[in-house]
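First up is the structure itself, then whatever we jot down about it.
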Amino acid sequence: MKILIIGKGYLGTRCAESWENTEITDKHIQTVEDVLELLVEHKPDVVLNAAGIVGKPNVDWCETNQLATIKGNTVLPLIVADACQQKGIYMLHIGTGCIFYGESPDPKGWKENDYANPSAVYTRTKYAADLALSTLTNVGIARIRMPLDDRSHPANLIGKLISFDKVVDVANSLTVVEDMIKVFYQLLAKKAEGIFHVVNPGSIKHKEIIAMYEEIVDPKHKNEWISEEELVKQGMADKPRSNNIMQSNNLAKLGISMRPVKEAVRDAMQKYKESIK
Ligand SMILES: NC(=O)c1ccc[n+]([C@@H]2O[C@H](COP(=O)([O-])OP(=O)(O)OC[C@H]3O[C@@H](n4cnc5c(N)ncnc54)[C@H](OP(=O)(O)O)[C@@H]3O)[C@@H](O)[C@H]2O)c1
């Protein structure tokens, strides 16, 4: 299987480093023709769309840069899909579980086909792409949440949590990057259609992640705890962040599994400690 990854950012690069027979492009795409040229040049069997706009320094950037965010998160995936459909090439798109806010209709968590309730510009533009792409065949959507990695990166949840003086303690679903990379590969190999929640089973509280960090990496680490309302009131975020628990039923139907979240986070934390030595 020859893979072409579009978007040479954090997650695209992590996947490219781990897979064989994979090419990654940083070509800036504006039109369907731009993507068709890439497909002719690289001749992939499958495409991973890892391009998008996450906002720098953080997602609040999207609140005041709406059009750029719409172009990168809603228009771009449709352009990539259009070219892939014309060439009969399977496309896996990286979505986000942050489109779900708060309590799910089912007490076990948000399901793949639940209607989401995004409020921020970033999450609305991501969900708009999901709604459109999920009508197509030969397309998969892999929703991840709060990637937690075994190496240092500004988007790694470990680094984010320990960089804050004040942290909100909530239970969440999250995605351990090592597991994500393996699941994406299997979805590409199976040309799996539909929506997939690529999150490790179970939920974990920020307090538990920081406790593991203090136990394994740095016993001297200190932070304060704060409520979600206070976070916005004190100006540390423009919009409340999504907190949620997701169910992953469609992966199981394909026989794809991920490690339970607490086991995977502990393993990532141990590897993280080695990687920053
Ligand atoms: N990181 C997370 O926490 C997270 C969580 C859930 C979902 N996701 C999704 O995962 C995907 C990848 O995120 P990431 O964390 O890897 O972000 P990233 O590091 O910012 O990578 C995104 C890449 O997309 C590129 N890009 C933007 N517009 C493009 C265009 N028109 N044509 C080609 N490339 C373009 C960016 O290039 P430039 O920098 O040059 O613009 C950047 O290299 C995104 O769709 C994001 O929504 C990420």
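Here's how to read the names in the structure tokens: chain A, B, ... by the order shown, residue numbers from 1 in each chain, ligand numbers from 1 in the order shown.
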Mind the document's chain letters and residue numbers, and return as an NGL selection string the residues of segment 34-135 of chain A that DSSP labels alpha helix (DSSP H). :A and (34-42 or 61-64 or 66-70 or 76-87 or 121-133)
Expected selection as number ranges by chain for ligand 1 within 6 Å, only C-alpha atoms and all ligand atoms: A: 7-12, 26-30, 50-54, 72, 94-96, 144-147, 155
Neighbouring residues of Lys222 of chain A were defined as those with any atom within 10 Å, considering only C-alpha atoms; residues of the same chain fewer than 6 positions away were excluded. Please report them as number ranges by chain. A: 162, 164-166, 210, 214
Residue neighbourhood Asp149 of chain A, 7 Å, only C-alpha atoms, exclusion window fewer than 4 positions, as a PyMOL selection string: chain A and resi 156+176-177+268
One decimal, in Å: what's the spacing between atom CA of Ala81 of chain A and atom CA of Leu36 of chain A?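 Interatomic distance here is 10.4 Å.
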Selected residue of minimal separation from Ile3 of chain A among A:Gly97, A:Val199, A:Leu148, A:Leu187, counting only C-alpha atoms: A:Leu187
